[in-house]
Amino acid sequence: MNNRQLFLSNLAQTTDFPLLIEIEKADGIYMYGPKGEKYLDLISGIGVSNVGHRHPKVIAAIQEQLDKYMHLMVYGEYVQSPQTQLAKTLTDTLPKKLNNVYLVNSGSEAVEGALKLAKRYTGRREVISCVNAYHGSSHGALSVGGNEIFKRAYRPLLPGIRHVDFNQLDQLDLITEETAAIIVETVQGEAGIRIGSKDYFQALRQRCDETGALLILDEIQAGFGRTGKFWAFEHYGIVPDIVVCAKGMGGGMPIGAFIASQSIMEVFKNNPLLGHITTFGGHPVSCVAALATIDVLKNEQLIKQVESKANLFKEYLKHPKIKGIRNKGLMMAVEFESFEVLKPIIDKAIELGIITDWFLFCEDSMRIAPPLTITEEEIKKACGVILKSIEEN
Ligand code: PMP
């Protein structure tokens, strides 16, 4: 078995629908195959490469840190300036109340930490989440996931989880004084980009205030500029009790965080009732990559351009086979009749050098979430190829 066959068979075991493209190098918004194939990346590794692949500032920060140290000790034991600086820089992007950062490795781990924190702080056990939510793949994160098909094989999962429909104001009464937390994506990603109203998020905040339940907002896919604000919850005029983030945070390096107020995070300091322990969480190399990523997002004015770039996609992507486009900034879903109509279009676009994808819980819609660095010219070109792929099917 040669390398390529091995690669393909490994991938084929992990998913029914692998894209099966071998990538040798990636730079900016482009990825390159071993035979010089060039692909324009319209999905950013699912909302990870917001500043593009291998941004020079991210690479330089990583190289500089590699000359100092990599892992030293379990997170929080030593004072390491990449971690403390990142905590400070992150809190500067957030409302004052959210001033304590706990760094972890991934989105799922951030969700685990947030759920544990909410249980400890409130002393309550019940957690509410939304139908069709995706919060990660570990047992706790899967338990608050909102798609039964993905959970079935792993029961029993966490007890005390109840689900409400996303964006349904009349179901908020389910949040009661028994509820430790409700966890909600600020924009539902894997459900196919479902957007809640400002009224909904404000009512959520109010109901949590009335009952003492904590509001956990999952910004893992929507955060770090993707929707046209640094944090997607800024669109709704509310402040959550806990924010979870990951993905775009590290500019391509693995890192995540759950962030809360000092008074909430304080409960984790109460030894011997251990809080959350993580060996690699807040890895210094990932921290400096995150610091450089935030710097790029701010200094290259990338977030300000998101809305107009998204509008360009919407302007160009007009075709009778396109049923509609749902988006919050550059988090977009282009809807088709069915997966059977969409899949050959995706395959054709890849053949023509444009990488798109679909969603875990929504197979009739094309995922478009390019690096925020994409130019107007590149958007025009990518949309041209998508339209050609539709025409040729
Ligand atoms: N929450 C959301 C909204 C996500 O999109 C994801 C990843 N797709 C996760 C949580 C889990 O993140 P990770 O894969 O880093 O564990």
# chains A, B, ... in the order shown; residues from 1 in each chain; ligands from 1

call {"tool": "residues_around", "arguments": {"residues": "region 93-95 of chain A", "least_positions_apart": "6", "cutoff": "12 Å", "atoms": "only C-alpha atoms", "output": "ChimeraX atom specification"}}
result
/A:86-87,101,223-225,229-234,237-243,259-261,291,294-295,297-298

call {"tool": "write_last_selection", "arguments": {"atoms": "N, CA and C atoms", "output": "tab-separated table (two decimals), in the first residue's frame"}}
result
chain	number	residue	atom	x	y	z
A	86	LEU	N	-2.06	36.52	26.62
A	86	LEU	CA	-3.24	36.16	25.84
A	86	LEU	C	-4.51	36.41	26.66
A	87	ALA	N	-4.47	36.06	27.94
A	87	ALA	CA	-5.65	36.29	28.79
A	87	ALA	C	-5.98	37.78	28.80
A	101	VAL	N	-9.98	34.16	32.17
A	101	VAL	CA	-9.84	33.28	31.00
A	101	VAL	C	-9.23	31.96	31.44
A	223	GLY	N	-16.97	33.06	16.51
A	223	GLY	CA	-16.12	34.10	17.10
A	223	GLY	C	-14.93	34.49	16.21
A	224	PHE	N	-14.12	35.37	16.72
A	224	PHE	CA	-12.89	35.81	16.06
A	224	PHE	C	-13.16	36.40	14.68
A	225	GLY	N	-14.17	37.26	14.63
A	225	GLY	CA	-14.39	38.09	13.44
A	225	GLY	C	-15.26	37.50	12.37
A	229	LYS	N	-18.26	40.94	13.61
A	229	LYS	CA	-17.91	41.51	14.91
A	229	LYS	C	-16.87	40.58	15.50
A	230	PHE	N	-16.05	41.07	16.43
A	230	PHE	CA	-15.06	40.16	17.00
A	230	PHE	C	-15.77	38.96	17.62
A	231	TRP	N	-16.80	39.25	18.46
A	231	TRP	CA	-17.64	38.21	19.04
A	231	TRP	C	-19.03	38.34	18.44
A	232	ALA	N	-19.63	37.22	18.05
A	232	ALA	CA	-20.95	37.30	17.41
A	232	ALA	C	-22.00	37.84	18.37
A	233	PHE	N	-21.83	37.63	19.69
A	233	PHE	CA	-22.88	38.11	20.61
A	233	PHE	C	-22.97	39.63	20.63
A	234	GLU	N	-21.95	40.31	20.10
A	234	GLU	CA	-22.01	41.78	20.02
A	234	GLU	C	-23.18	42.24	19.13
A	237	GLY	N	-26.45	42.70	21.56
A	237	GLY	CA	-26.54	43.62	22.68
A	237	GLY	C	-26.70	42.94	24.03
A	238	ILE	N	-26.09	41.76	24.19
A	238	ILE	CA	-26.15	41.08	25.49
A	238	ILE	C	-24.74	40.66	25.92
A	239	VAL	N	-24.59	40.36	27.20
A	239	VAL	CA	-23.32	39.84	27.70
A	239	VAL	C	-23.59	38.48	28.35
A	240	PRO	N	-22.94	37.43	27.87
A	240	PRO	CA	-23.16	36.10	28.47
A	240	PRO	C	-22.44	35.99	29.82
A	241	ASP	N	-22.73	34.91	30.55
A	241	ASP	CA	-21.99	34.65	31.79
A	241	ASP	C	-20.69	33.90	31.49
A	242	ILE	N	-20.76	33.01	30.51
A	242	ILE	CA	-19.55	32.27	30.10
A	242	ILE	C	-19.50	32.26	28.57
A	243	VAL	N	-18.32	32.52	28.03
A	243	VAL	CA	-18.11	32.41	26.58
A	243	VAL	C	-17.17	31.24	26.34
A	259	ILE	N	-14.40	31.53	29.26
A	259	ILE	CA	-14.14	32.85	29.84
A	259	ILE	C	-15.36	33.27	30.65
A	260	ALA	N	-15.13	33.74	31.87
A	260	ALA	CA	-16.25	34.12	32.75
A	260	ALA	C	-15.80	35.28	33.63
A	261	SER	N	-16.67	35.66	34.56
A	261	SER	CA	-16.29	36.72	35.50
A	261	SER	C	-15.42	36.10	36.61
A	291	LEU	N	-2.17	35.23	19.97
A	291	LEU	CA	-1.88	36.67	20.11
A	291	LEU	C	-1.64	37.31	18.75
A	294	ILE	N	-4.97	37.64	16.79
A	294	ILE	CA	-5.80	38.77	17.23
A	294	ILE	C	-5.23	40.07	16.68
A	295	ASP	N	-3.90	40.17	16.71
A	295	ASP	CA	-3.22	41.34	16.18
A	295	ASP	C	-3.54	41.53	14.68
A	297	LEU	N	-6.15	40.29	13.01
A	297	LEU	CA	-7.58	40.61	12.84
A	297	LEU	C	-7.83	42.09	13.03
A	298	LYS	N	-7.13	42.66	14.02
A	298	LYS	CA	-7.35	44.07	14.32
A	298	LYS	C	-6.62	44.98	13.34

call {"tool": "residues_near_ligand", "arguments": {"ligand": "ligand 1", "cutoff": "6 Å", "atoms": "only C-alpha atoms and all ligand atoms", "output": "NGL selection string"}}
result
:A and (106-108 or 134-136 or 185 or 189 or 218 or 220-221 or 247)

call {"tool": "select_by_dssp", "arguments": {"residues": "region 211-262 of chain A", "states": "helix (DSSP H, G or I)", "output": "PDB file with C-alpha atoms, in the first residue's frame"}}
result
ATOM      1  CA  THR A 211     -33.799  32.237  37.322  1.00  0.00           C
ATOM      2  CA  ALA A 232     -20.951  37.301  17.409  1.00  0.00           C
ATOM      3  CA  PHE A 233     -22.875  38.111  20.612  1.00  0.00           C
ATOM      4  CA  GLU A 234     -22.013  41.784  20.018  1.00  0.00           C
ATOM      5  CA  HIS A 235     -24.759  41.729  17.349  1.00  0.00           C
ATOM      6  CA  TYR A 236     -27.359  41.044  20.029  1.00  0.00           C
ATOM      7  CA  LYS A 247     -11.162  27.244  16.188  1.00  0.00           C
ATOM      8  CA  GLY A 248     -10.231  30.663  14.683  1.00  0.00           C
ATOM      9  CA  MET A 249      -8.527  31.657  17.928  1.00  0.00           C
ATOM     10  CA  GLY A 250      -5.143  30.030  17.229  1.00  0.00           C
ATOM     11  CA  GLN A 262     -13.870  36.547  38.419  1.00  0.00           C
TER      12      GLN A 262
END

call {"tool": "residues_around", "arguments": {"residues": "region 370-377 of chain A", "least_positions_apart": "5", "cutoff": "9 Å", "atoms": "only C-alpha atoms", "output": "JSON, numbers by chain"}}
result
{"A": [28, 29, 40, 41, 42, 43, 44, 46, 47, 48, 49, 50, 51, 52, 53, 225, 226, 297, 300, 302, 303, 305, 306, 309, 312, 330, 331, 382]}

call {"tool": "write_last_selection", "arguments": {"atoms": "N, CA and C atoms", "output": "short mmCIF file (atom, residue, chain, number, x, y, z; two decimals), in the first residue's frame"}}
result
data_model
loop_
_atom_site.label_atom_id
_atom_site.label_comp_id
_atom_site.auth_asym_id
_atom_site.auth_seq_id
_atom_site.Cartn_x
_atom_site.Cartn_y
_atom_site.Cartn_z
N GLY A 28 -2.12 31.53 2.79
CA GLY A 28 -3.19 32.50 2.59
C GLY A 28 -4.51 31.80 2.38
N ILE A 29 -5.19 32.09 1.26
CA ILE A 29 -6.47 31.42 1.04
C ILE A 29 -6.31 30.20 0.11
N LEU A 40 -8.63 27.08 -4.07
CA LEU A 40 -9.01 28.24 -3.26
C LEU A 40 -9.90 27.72 -2.12
N ASP A 41 -9.52 28.01 -0.90
CA ASP A 41 -10.16 27.42 0.26
C ASP A 41 -11.34 28.29 0.72
N LEU A 42 -12.56 27.80 0.50
CA LEU A 42 -13.73 28.58 0.92
C LEU A 42 -14.29 28.09 2.25
N ILE A 43 -13.57 27.21 2.97
CA ILE A 43 -14.14 26.73 4.24
C ILE A 43 -13.22 26.91 5.44
N SER A 44 -11.96 27.26 5.20
CA SER A 44 -11.03 27.60 6.30
C SER A 44 -10.93 26.53 7.38
N ILE A 46 -13.17 24.63 8.54
CA ILE A 46 -14.38 24.91 9.34
C ILE A 46 -14.11 26.08 10.30
N GLY A 47 -13.96 27.23 9.73
CA GLY A 47 -13.87 28.45 10.54
C GLY A 47 -12.61 28.58 11.37
N VAL A 48 -11.52 27.93 10.95
CA VAL A 48 -10.27 28.03 11.71
C VAL A 48 -9.35 29.11 11.13
N SER A 49 -9.10 29.03 9.83
CA SER A 49 -8.08 29.90 9.24
C SER A 49 -8.65 31.28 8.90
N ASN A 50 -9.19 31.97 9.89
CA ASN A 50 -9.79 33.28 9.63
C ASN A 50 -8.77 34.27 9.09
N VAL A 51 -7.51 34.14 9.50
CA VAL A 51 -6.48 35.07 8.99
C VAL A 51 -5.71 34.44 7.83
N GLY A 52 -6.24 33.37 7.27
CA GLY A 52 -5.58 32.66 6.17
C GLY A 52 -4.62 31.62 6.72
N HIS A 53 -4.17 30.74 5.81
CA HIS A 53 -3.22 29.70 6.22
C HIS A 53 -1.83 30.30 6.40
N GLY A 225 -14.17 37.26 14.63
CA GLY A 225 -14.39 38.09 13.44
C GLY A 225 -15.26 37.50 12.37
N ARG A 226 -15.56 36.23 12.44
CA ARG A 226 -16.24 35.53 11.35
C ARG A 226 -17.56 36.18 10.94
N LEU A 297 -6.15 40.29 13.01
CA LEU A 297 -7.58 40.61 12.84
C LEU A 297 -7.83 42.09 13.03
N GLU A 300 -5.25 44.45 10.34
CA GLU A 300 -5.53 44.39 8.89
C GLU A 300 -6.99 44.75 8.60
N LEU A 302 -9.66 43.38 9.13
CA LEU A 302 -10.37 42.27 8.48
C LEU A 302 -11.85 42.21 8.89
N ILE A 303 -12.11 42.51 10.15
CA ILE A 303 -13.49 42.33 10.64
C ILE A 303 -14.44 43.35 10.00
N GLN A 305 -14.36 44.45 7.09
CA GLN A 305 -14.69 44.16 5.69
C GLN A 305 -15.62 42.96 5.51
N VAL A 306 -15.92 42.27 6.61
CA VAL A 306 -16.68 41.02 6.50
C VAL A 306 -18.04 41.22 5.84
N LYS A 309 -17.88 41.88 2.09
CA LYS A 309 -17.46 40.68 1.36
C LYS A 309 -18.60 39.67 1.29
N LEU A 312 -21.00 40.60 -1.34
CA LEU A 312 -20.54 40.26 -2.69
C LEU A 312 -20.91 38.82 -3.04
N LEU A 330 -19.39 36.23 7.15
CA LEU A 330 -18.82 35.21 6.27
C LEU A 330 -19.02 33.80 6.83
N MET A 331 -20.11 33.60 7.49
CA MET A 331 -20.55 32.28 7.94
C MET A 331 -21.81 32.04 7.12
N ALA A 382 -14.27 32.86 -7.30
CA ALA A 382 -14.80 31.66 -6.64
C ALA A 382 -16.28 31.48 -6.98
#

call {"tool": "select_by_dssp", "arguments": {"residues": "region 175-226 of chain A", "states": "strand (DSSP E)", "output": "PyMOL selection string"}}
result
chain A and resi 179-185+187-188+194-195+214-218

call {"tool": "write_last_selection", "arguments": {"atoms": "C-alpha atoms", "output": "PDB file, in the first residue's frame"}}
result
ATOM      1  CA  THR A 179     -31.196  25.084  35.644  1.00  0.00           C
ATOM      2  CA  ALA A 180     -27.424  25.438  36.007  1.00  0.00           C
ATOM      3  CA  ALA A 181     -26.970  26.790  32.498  1.00  0.00           C
ATOM      4  CA  ILE A 182     -28.306  27.070  29.016  1.00  0.00           C
ATOM      5  CA  ILE A 183     -25.683  26.674  26.300  1.00  0.00           C
ATOM      6  CA  VAL A 184     -26.428  28.249  22.923  1.00  0.00           C
ATOM      7  CA  GLU A 185     -24.416  28.836  19.751  1.00  0.00           C
ATOM      8  CA  VAL A 187     -25.039  31.366  15.283  1.00  0.00           C
ATOM      9  CA  GLN A 188     -25.938  27.694  14.850  1.00  0.00           C
ATOM     10  CA  ARG A 194     -29.330  29.290  11.643  1.00  0.00           C
ATOM     11  CA  ILE A 195     -29.559  32.803  13.002  1.00  0.00           C
ATOM     12  CA  LEU A 214     -25.936  30.908  33.611  1.00  0.00           C
ATOM     13  CA  LEU A 215     -25.945  31.843  29.934  1.00  0.00           C
ATOM     14  CA  ILE A 216     -23.134  30.050  28.091  1.00  0.00           C
ATOM     15  CA  LEU A 217     -22.591  31.303  24.554  1.00  0.00           C
ATOM     16  CA  ASP A 218     -20.692  29.023  22.184  1.00  0.00           C
TER      17      ASP A 218
END

call {"tool": "atom_distance", "arguments": {"atom1": "CA of Leu342 (chain A)", "atom2": "CA of Ala222 (chain A)"}}
result
23.8 Å
